[in-house]
Every structure is written in structure tokens, then in C-alpha cells.
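Raw structure-v9.txt, compact mmCIF, C-alpha atoms and all ligand atoms:
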# COMPACT_ATOMS: atom_id res chain seq x y z
CA MET A 62 -8.48 12.03 9.59
CA SER A 63 -7.40 13.43 6.23
CA LEU A 64 -7.17 11.28 3.12
CA LEU A 65 -3.48 12.06 2.57
CA GLU A 66 -1.07 13.51 5.11
CA CYS A 67 2.59 14.10 4.32
CA THR A 68 4.75 15.27 7.21
CA GLY A 69 8.32 16.52 6.95
CA LEU A 70 8.69 14.70 3.65
CA THR A 71 12.28 14.96 2.41
CA LYS A 72 14.22 13.50 -0.51
CA LYS A 73 17.89 14.13 -1.06
CA TRP A 74 19.74 13.20 -4.23
CA GLY A 75 23.28 13.35 -2.89
CA ALA A 76 23.69 16.88 -1.55
CA LEU A 77 20.60 18.20 -3.37
CA ALA A 78 17.40 18.35 -1.31
CA ALA A 79 14.88 17.87 -4.13
CA VAL A 80 12.05 17.83 -1.56
CA SER A 81 12.68 19.34 1.84
CA GLN A 82 10.50 19.10 4.97
CA VAL A 83 7.22 19.28 3.07
CA ASP A 84 3.89 19.00 4.89
CA ILE A 85 0.82 18.47 2.67
CA VAL A 86 -2.72 17.44 3.54
CA VAL A 87 -5.36 16.44 1.00
CA GLU A 88 -8.98 15.86 2.04
CA ALA A 89 -11.46 13.54 0.32
CA GLY A 90 -13.01 15.24 -2.71
CA GLU A 91 -10.47 18.04 -2.74
CA VAL A 92 -8.53 19.12 -5.85
CA VAL A 93 -5.11 20.43 -4.84
CA ALA A 94 -2.68 21.83 -7.41
CA LEU A 95 1.04 21.59 -6.82
CA ILE A 96 2.88 24.33 -8.67
CA GLY A 97 6.38 25.76 -8.73
CA PRO A 98 9.22 26.60 -11.12
CA ASN A 99 11.10 23.90 -13.07
CA GLY A 100 13.12 21.71 -10.75
CA ALA A 101 11.08 22.76 -7.67
CA GLY A 102 10.57 19.10 -6.69
CA LYS A 103 7.00 18.51 -7.86
CA SER A 104 7.59 15.22 -9.67
CA THR A 105 9.87 13.99 -6.90
CA LEU A 106 7.15 14.73 -4.35
CA PHE A 107 4.69 12.75 -6.49
CA ASP A 108 7.14 9.88 -6.73
CA LEU A 109 7.55 9.89 -2.95
CA ILE A 110 3.79 9.82 -2.36
CA ALA A 111 3.23 7.18 -5.04
CA GLY A 112 5.93 4.83 -3.72
CA ARG A 113 8.25 5.21 -6.69
CA VAL A 114 11.07 6.92 -4.81
CA THR A 115 12.29 6.16 -1.28
CA LYS A 116 12.13 9.08 1.13
CA THR A 117 15.15 10.37 3.01
CA ALA A 118 12.95 11.48 5.92
CA GLY A 119 9.35 12.16 6.87
CA ALA A 120 6.09 10.24 6.76
CA VAL A 121 3.15 9.66 4.42
CA SER A 122 -0.25 8.52 5.72
CA PHE A 123 -3.07 7.49 3.43
CA ARG A 124 -6.56 6.80 4.79
CA GLY A 125 -5.11 6.84 8.28
CA ASP A 126 -2.28 4.34 7.77
CA ARG A 127 1.41 4.93 7.25
CA VAL A 128 2.20 4.06 3.64
CA ASP A 129 5.73 5.32 3.09
CA GLY A 130 7.80 2.29 2.12
CA LEU A 131 4.92 0.56 0.34
CA SER A 132 5.32 -0.29 -3.34
CA ALA A 133 3.47 1.60 -6.05
CA ALA A 134 1.39 -1.54 -6.69
CA ALA A 135 0.37 -1.82 -3.02
CA LEU A 136 -0.60 1.86 -2.98
CA THR A 137 -2.69 1.42 -6.11
CA ARG A 138 -4.62 -1.37 -4.38
CA LEU A 139 -5.24 0.97 -1.41
CA GLY A 140 -6.74 3.57 -3.74
CA LEU A 141 -3.91 5.78 -4.90
CA SER A 142 -3.48 6.00 -8.70
CA ARG A 143 -1.19 8.23 -10.68
CA THR A 144 -0.43 9.36 -14.19
CA TYR A 145 3.06 10.26 -15.35
CA GLN A 146 4.53 13.46 -16.79
CA ILE A 147 5.60 11.27 -19.72
CA THR A 148 2.89 8.95 -21.03
CA ALA A 149 3.11 5.43 -19.60
CA LEU A 150 0.73 3.35 -21.71
CA PHE A 151 1.54 0.05 -23.40
CA PRO A 152 1.96 1.38 -26.96
CA ASN A 153 1.53 -1.99 -28.68
CA LEU A 154 -1.72 -2.84 -26.91
CA THR A 155 -5.04 -1.37 -27.93
CA VAL A 156 -6.62 1.46 -25.99
CA LEU A 157 -9.22 -0.98 -24.71
CA GLU A 158 -6.56 -3.50 -23.61
CA ASN A 159 -4.72 -0.80 -21.68
CA VAL A 160 -7.88 0.07 -19.75
CA ARG A 161 -8.84 -3.60 -19.32
CA LEU A 162 -5.51 -4.25 -17.61
CA ALA A 163 -6.27 -1.45 -15.16
CA VAL A 164 -9.77 -2.80 -14.48
CA GLN A 165 -8.29 -6.25 -13.80
CA ALA A 166 -5.41 -4.96 -11.72
CA CYS A 167 -7.64 -3.73 -8.93
CA LYS A 168 -9.67 -6.94 -8.72
CA PRO A 169 -8.68 -9.79 -6.42
CA ALA A 170 -6.94 -12.65 -8.27
CA ARG A 171 -10.00 -14.91 -8.15
CA ARG A 172 -12.01 -12.22 -9.97
CA ARG A 173 -9.55 -12.01 -12.84
CA PRO A 174 -10.94 -13.34 -16.10
CA LEU A 175 -8.27 -15.89 -17.00
CA PHE A 176 -10.65 -18.55 -18.26
CA SER A 177 -14.14 -17.27 -17.54
CA LYS A 178 -15.96 -15.71 -20.48
CA SER A 179 -18.46 -13.88 -18.30
CA LEU A 180 -15.67 -12.24 -16.29
CA HIS A 181 -13.92 -11.40 -19.54
CA ASP A 182 -17.07 -9.75 -20.87
CA SER A 183 -17.74 -7.78 -17.69
CA THR A 184 -14.14 -6.54 -17.60
CA THR A 185 -14.46 -5.42 -21.22
CA SER A 186 -17.73 -3.61 -20.64
CA GLU A 187 -16.34 -1.88 -17.55
CA ALA A 188 -13.27 -0.79 -19.55
CA LEU A 189 -15.52 0.52 -22.34
CA GLN A 190 -17.50 2.53 -19.78
CA TRP A 191 -14.31 4.24 -18.61
CA LEU A 192 -13.35 4.97 -22.22
CA ALA A 193 -16.80 6.45 -22.83
CA LYS A 194 -16.32 8.75 -19.84
CA VAL A 195 -13.22 10.27 -21.44
CA GLY A 196 -14.87 10.32 -24.87
CA LEU A 197 -12.64 7.67 -26.45
CA ASN A 198 -14.83 4.63 -27.00
CA ALA A 199 -14.63 5.13 -30.78
CA ARG A 200 -10.85 4.61 -30.48
CA ALA A 201 -11.08 1.47 -28.33
CA ASN A 202 -9.44 -0.81 -30.91
CA ALA A 203 -6.67 1.57 -31.97
CA LEU A 204 -3.16 0.83 -30.74
CA ALA A 205 -2.38 3.17 -27.84
CA GLY A 206 0.90 4.18 -29.46
CA GLN A 207 -0.95 5.40 -32.53
CA LEU A 208 -3.26 7.81 -30.71
CA SER A 209 -2.67 11.54 -30.79
CA HIS A 210 -0.76 12.83 -27.80
CA GLY A 211 -3.91 14.40 -26.34
CA ASP A 212 -5.85 11.14 -26.66
CA GLN A 213 -3.00 9.22 -25.02
CA ARG A 214 -3.25 11.55 -22.02
CA LEU A 215 -7.01 10.97 -21.88
CA THR A 216 -6.43 7.21 -22.06
CA GLU A 217 -4.08 7.52 -19.11
CA ILE A 218 -6.82 9.28 -17.15
CA ALA A 219 -9.21 6.43 -18.03
CA VAL A 220 -6.56 3.91 -16.90
CA ALA A 221 -6.07 5.75 -13.61
CA LEU A 222 -9.83 6.04 -12.97
CA ALA A 223 -10.40 2.37 -13.85
CA MET A 224 -8.33 1.52 -10.78
CA ARG A 225 -11.04 3.23 -8.72
CA PRO A 226 -8.79 5.59 -6.80
CA LYS A 227 -9.60 7.58 -3.69
CA LEU A 228 -6.69 9.84 -4.61
CA LEU A 229 -5.58 10.53 -8.14
CA LEU A 230 -2.14 12.00 -8.72
CA LEU A 231 -2.03 13.75 -12.09
CA ASP A 232 1.42 14.83 -13.30
CA GLU A 233 0.88 17.49 -15.98
CA PRO A 234 -2.24 15.97 -17.53
CA THR A 235 -2.41 18.64 -20.25
CA GLN A 236 1.29 18.74 -21.13
CA GLY A 237 1.73 18.78 -24.91
CA MET A 238 -1.96 19.41 -25.57
CA SER A 239 -3.30 22.16 -27.79
CA VAL A 240 -5.23 25.04 -26.19
CA GLU A 241 -8.54 23.44 -27.23
CA GLU A 242 -7.52 19.99 -25.98
CA THR A 243 -6.41 21.57 -22.70
CA ARG A 244 -9.72 23.37 -22.19
CA GLY A 245 -11.61 20.20 -23.10
CA THR A 246 -9.57 18.21 -20.58
CA VAL A 247 -10.28 20.72 -17.81
CA GLU A 248 -14.02 20.48 -18.49
CA LEU A 249 -13.78 16.70 -18.70
CA LEU A 250 -11.95 16.42 -15.38
CA LYS A 251 -14.45 18.75 -13.73
CA SER A 252 -17.38 16.64 -14.91
CA LEU A 253 -15.64 13.36 -14.02
CA LEU A 254 -14.92 14.58 -10.50
CA LYS A 255 -18.31 16.16 -9.91
CA ASP A 256 -20.37 14.19 -7.40
CA THR A 257 -17.48 11.87 -6.48
CA ASP A 258 -15.29 11.87 -3.38
CA ILE A 259 -12.15 11.30 -5.48
CA ALA A 260 -9.41 13.69 -4.40
CA VAL A 261 -6.84 14.95 -6.89
CA LEU A 262 -3.30 16.14 -6.40
CA LEU A 263 -2.32 17.80 -9.65
CA VAL A 264 1.03 19.03 -10.96
CA GLU A 265 0.48 21.50 -13.73
CA HIS A 266 2.45 24.31 -15.34
CA ASP A 267 -0.56 25.76 -17.16
CA LEU A 268 -2.01 28.23 -14.67
CA GLU A 269 -5.31 28.38 -16.56
CA VAL A 270 -5.72 24.67 -15.79
CA VAL A 271 -4.64 25.21 -12.19
CA PHE A 272 -7.11 28.02 -11.59
CA GLY A 273 -9.82 26.19 -13.51
CA LEU A 274 -9.64 23.06 -11.37
CA ALA A 275 -7.96 23.58 -8.01
CA HIS A 276 -9.74 24.20 -4.72
CA ARG A 277 -6.37 24.86 -3.12
CA ILE A 278 -2.83 25.50 -4.35
CA VAL A 279 0.47 24.40 -2.83
CA VAL A 280 3.61 26.10 -4.11
CA LEU A 281 7.03 24.47 -4.05
CA ASP A 282 10.29 26.28 -4.68
CA ARG A 283 13.67 24.57 -4.52
CA GLY A 284 12.18 21.66 -2.63
CA ARG A 285 10.40 23.72 0.01
CA LYS A 286 6.76 24.55 0.42
CA ILE A 287 6.45 28.33 0.21
CA ALA A 288 2.65 28.73 0.07
CA ASP A 289 -0.50 26.68 0.67
CA GLY A 290 -3.94 28.25 0.38
CA LEU A 291 -6.94 29.27 -1.65
CA PRO A 292 -6.18 30.06 -5.32
CA ASP A 293 -6.80 33.81 -5.03
CA THR A 294 -4.67 34.08 -1.89
CA VAL A 295 -1.78 32.18 -3.46
CA LYS A 296 -2.03 34.21 -6.68
CA ALA A 297 -1.66 37.45 -4.73
CA ASP A 298 1.20 36.17 -2.53
CA PRO A 299 4.37 38.22 -3.19
CA VAL A 300 6.59 35.29 -2.12
CA VAL A 301 5.00 33.15 -4.84
CA GLN A 302 5.33 35.86 -7.45
CA GLN A 303 8.99 36.29 -6.53
CA ALA A 304 9.66 32.54 -6.81
CA TYR A 305 8.30 32.49 -10.34
CA LEU A 306 9.90 35.72 -11.50
CA GLY A 307 13.14 35.10 -9.62
CA ALA A 308 13.56 31.77 -11.42
CA GLY A 309 13.10 33.52 -14.76
CA HIS A 310 9.89 31.58 -15.15
CA VAL A 311 7.07 33.17 -17.06
CA ALA A 312 3.74 32.49 -15.38
CA HIS A 313 1.22 32.13 -18.20
N1 LIG B 401 16.84 10.72 -10.11
C1 LIG B 401 17.40 11.91 -9.82
N2 LIG B 401 18.70 11.99 -9.48
C2 LIG B 401 19.27 13.17 -9.18
N3 LIG B 401 18.62 14.36 -9.16
C3 LIG B 401 17.32 14.33 -9.47
C4 LIG B 401 16.62 13.12 -9.82
N4 LIG B 401 15.34 13.42 -10.09
C5 LIG B 401 15.22 14.75 -9.92
N5 LIG B 401 16.40 15.30 -9.56
C6 LIG B 401 16.63 16.72 -9.27
O1 LIG B 401 15.74 17.08 -8.22
C7 LIG B 401 15.23 18.40 -8.43
C8 LIG B 401 13.71 18.34 -8.48
O2 LIG B 401 13.33 17.68 -9.68
P1 LIG B 401 11.81 17.40 -10.06
O3 LIG B 401 11.83 16.63 -11.32
O4 LIG B 401 11.12 16.81 -8.89
O5 LIG B 401 11.28 18.87 -10.31
P2 LIG B 401 9.89 19.34 -10.97
O6 LIG B 401 9.34 20.38 -10.06
O7 LIG B 401 9.03 18.17 -11.26
O8 LIG B 401 10.40 20.01 -12.30
P3 LIG B 401 9.65 20.17 -13.73
O9 LIG B 401 8.74 21.35 -13.55
O10 LIG B 401 10.77 20.48 -14.66
O11 LIG B 401 8.93 18.90 -14.05
C9 LIG B 401 15.88 18.91 -9.72
O12 LIG B 401 16.99 19.69 -9.36
C10 LIG B 401 16.29 17.64 -10.42
O13 LIG B 401 17.41 17.87 -11.26
MG MG B 402 8.19 17.39 -13.03
I'd like the structure from this file rewritten - as C-alpha cells, please.
Amino acid sequence: MSLLECTGLTKKWGALAAVSQVDIVVEAGEVVALIGPNGAGKSTLFDLIAGRVTKTAGAVSFRGDRVDGLSAAALTRLGLSRTYQITALFPNLTVLENVRLAVQACKPARRRPLFSKSLHDSTTSEALQWLAKVGLNARANALAGQLSHGDQRLTEIAVALAMRPKLLLLDEPTQGMSVEETRGTVELLKSLLKDTDIAVLLVEHDLEVVFGLAHRIVVLDRGRKIADGLPDTVKADPVVQQAYLGAGHVAH
């Protein structure tokens, strides 16, 4: 049994098939990059898997159970967390409060620290541990909206990890980052994932990030899967090269 199995997954927006008959499997501990030209359907596929968009056809299984039709919140409780292409933090809460909410969200209601000081303290220390892992504990009391763009993306990763996922969906985690921030994030993700069984499905335009992180690459073009294989095989695939060049897209 694979961690994630999508079969024949399809989403139509009117006449446009944004995602068409896509099969994808992700195993525990695997880092899979989803690439493709603008408009290929990457974010829509994420939204389908994460319960944010309703499929037109197909099936999604997670940890052996059908999950298509479940809400994003239900999927998060099952172990599927995601980040968004556009940052989705609470800008008027502190960095620490954003992560605390994530720590609380995956605890059963009776373990939520409404009145108990000890639960409040343990939630705070757990949140601080996640912030330390992404190197942001010094910014814990800053408002999330006042962080640099790169630090907001790192906070989102801390929020996603604090929900203790089995599968992490990362939509362009390095978008808008400088070259140095991007390289730092790749190294950070590698070290965070080392020695865990967390699987990652990653959408990323930056091919340096893709080749730095991915064990396997899936290529979408106009909603369809056109390649699925080891990074070097996919890189050398003429169909993939044509999809990028044909769309006027510069692979960098
Ligand atoms: N809510 C929507 N309603 C109608 N069409 C949509 C909607 N969302 C996406 N689309 C269309 O579906 C197609 C796939 O879009 P999607 O955002 O999934 O592509 P993408 O691969 O994530 O692109 P990018 O690389 O630009 O992020 C595009 O043609 C887009 O215009
Ligand atoms: Mg997108």
C-alpha cells in the first residue's frame, strides 16, 4: 500500500480540463516534485489532493483509505498538510501564535489548552521547537505579516510540520526568495526530512530546487501527466523538453 495514490484524477473548469486522468503514487519518505509549464494544472492537482477543490472524476487514497470528498481539515487530521503558493499565515498574529494554532489543531479537543496552564506551556514549547527547526525562534514574537517574505515561507513550513504530517504538500516553497534564501531552504528541507518517513509532494518552478530535493519527478503539461521517473531520466526526456520549450517556458 502506497501512502498516496491518485487514479484517473480529473478536474474540469467548464470545458477546460485543468487536470486530466492523472495517476500519481507517493511512497512514505519519498520526495516527489511536480513540474510543468504555467497553467499545467499543478496547483489544481494539489487542491484536489488536499480537499480544496472537488474532483470531476477519479479517486484519491491516502494511507489505504479513499479520501476524495473529505474536507481539508479532515485530511490534515489524517496526516496531510499543505502550504500555499501564496502565503497563508495570519498576518496579525505573532509567528509563535501561528505555529501554536497548528500544534493545537492536530490535538484532540480535550488536549487543547483552553484553561490549563500546563497544556498552554507545553503547546508553546512544542511550537518553539518547530520554530527552532526552521531557524526562526528569534522571531517568535514578531507579527507574521511583518516578516520578510522568505521568513514567512519558512514559518509556513513550521506550521505545516507542526501538524505532524505523513505527507507534506509544498506549493512553490521558494517562490519570491533570493538565491541565497532558496539554497538555504533546500538545505533546511533536506535536513528536516532526513531520518523521517515524511513524504513530500512539491510544486516548484526552480529546477535547482527540484533537482536538489526530489527523488522522483512527475511532469504535467496541459493537465496531463507526460513523464514520471528518476530526475536524470526526466531531464533527458525529449517530450519533457518539448513541453517546456513549446510553451515558451525557459527552464532555469
Ligand atoms: N478556479 C478556476 N476557475 C477556472 N479556471 C481555473 C481555475 N483555477 C485554475 N484554472 C485554470 O486551470 C488551468 C491550470 O491552472 P493551475 O493553477 O492548476 O496551473 P499551475 O500549473 O499551478 O500554473 P502555475 O505554474 O502558473 O502556478 C489554467 O488554465 C488555469 O487558468
Ligand atoms: Mg500553481
So which residues are near ligand MG 402 (chain B), meaning at most 8 Å away with only C-alpha atoms and all ligand atoms counted, given back as a VMD selection string?
chain A and resid 99 to 100 102 to 105 146 232 to 233 264
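For the atom pair formed by atom CA of Met238 of chain A and atom CA of Leu150 of chain A, the distance is 16.7 Å, given to one decimal.
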Contacts of Val156 of chain A at 12 Å (all atoms listed in the file; same-chain gap of 6+ positions) as a CSV table (one decimal) with C-alpha atoms, in the coordinates of the input:
chain,number,residue,atom,x,y,z
A,150,LEU,CA,0.7,3.4,-21.7
A,162,LEU,CA,-5.5,-4.2,-17.6
A,163,ALA,CA,-6.3,-1.4,-15.2
A,185,THR,CA,-14.5,-5.4,-21.2
A,188,ALA,CA,-13.3,-0.8,-19.6
A,189,LEU,CA,-15.5,0.5,-22.3
A,191,TRP,CA,-14.3,4.2,-18.6
A,192,LEU,CA,-13.4,5.0,-22.2
A,193,ALA,CA,-16.8,6.4,-22.8
A,195,VAL,CA,-13.2,10.3,-21.4
A,197,LEU,CA,-12.6,7.7,-26.4
A,198,ASN,CA,-14.8,4.6,-27.0
A,199,ALA,CA,-14.6,5.1,-30.8
A,200,ARG,CA,-10.8,4.6,-30.5
A,201,ALA,CA,-11.1,1.5,-28.3
A,202,ASN,CA,-9.4,-0.8,-30.9
A,203,ALA,CA,-6.7,1.6,-32.0
A,204,LEU,CA,-3.2,0.8,-30.7
A,205,ALA,CA,-2.4,3.2,-27.8
A,206,GLY,CA,0.9,4.2,-29.5
A,207,GLN,CA,-1.0,5.4,-32.5
A,208,LEU,CA,-3.3,7.8,-30.7
A,209,SER,CA,-2.7,11.5,-30.8
A,212,ASP,CA,-5.8,11.1,-26.7
A,213,GLN,CA,-3.0,9.2,-25.0
A,214,ARG,CA,-3.2,11.6,-22.0
A,215,LEU,CA,-7.0,11.0,-21.9
A,216,THR,CA,-6.4,7.2,-22.1
A,217,GLU,CA,-4.1,7.5,-19.1
A,218,ILE,CA,-6.8,9.3,-17.2
A,219,ALA,CA,-9.2,6.4,-18.0
A,220,VAL,CA,-6.6,3.9,-16.9
Contacts with ligand LIG 401 (chain B) at most 12 Å, all atoms listed in the file counted, listed as an NGL selection string
:A and (71-81 or 95-109 or 113-115 or 145-147 or 231-233 or 236 or 263-267 or 280-286 or 305 or 308 or 310)
Give the padded box for segment 105-124 of chain A as JSON: axis-aligned, covering all atoms listed in the file, 4 Å on each side, centre and edge lengths in Å to one decimal.
{"center_x": 4.3, "center_y": 9.8, "center_z": 0.0, "size_x": 29.7, "size_y": 17.9, "size_z": 21.8}
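Proximity to Asp289 of chain A at 12 Å, evaluated using only C-alpha atoms and with sequence-adjacent residues fewer than 3 positions away removed, yields Val83, Asp84, Ile85, Val86, Val87, Val93, Ala94, Leu95, Ile96, Gly97, Ala275, His276, Arg277, Ile278, Val279, Val280, Leu281, Arg285, Lys286, Pro292, Asp293, Thr294, Val295, Lys296, Asp298, Val300 and Val301 of chain A.
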Point out the residue among A:Ser179, A:Ser252, A:Val247, A:Asp126 with the least atom-to-atom distance to Lys194 of chain A, counting all atoms listed in the file.
A:Ser252
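For the pair atom CA of Ala223 of chain A and atom CA of Val164 of chain A, the interatomic distance is 5.2 Å.
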Between atom CA of Asp256 of chain A and atom CA of Leu230 of chain A, measure the distance and give it in Å to one decimal.
18.4 Å
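For the residues A:Leu268, A:Gln165, A:Leu228, A:Leu291, ranking by smallest atom-to-atom distance to Leu180 of chain A using all atoms listed in the file places A:Gln165 first.
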For Gly290 of chain A, which residue among A:Val92, A:Met224, A:Leu65, A:Ala118 is the nearest when counting only C-alpha atoms?
A:Val92
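Candidate residues A:Arg161, A:Lys116, A:Arg143, A:Lys251 were compared for distance to Gly273 of chain A, and the nearest is A:Lys251, using only C-alpha atoms.
The closest residue to Arg138 of chain A, picked from A:Asn153, A:Ala166, A:Ala304, A:Ile259 and counting only C-alpha atoms, is A:Ala166.
For the set A:Leu229, A:Ala288, A:Val271, A:Leu136, the residue with the smallest atom-to-atom gap to Asp258 of chain A is A:Leu229, counting all atoms listed in the file.
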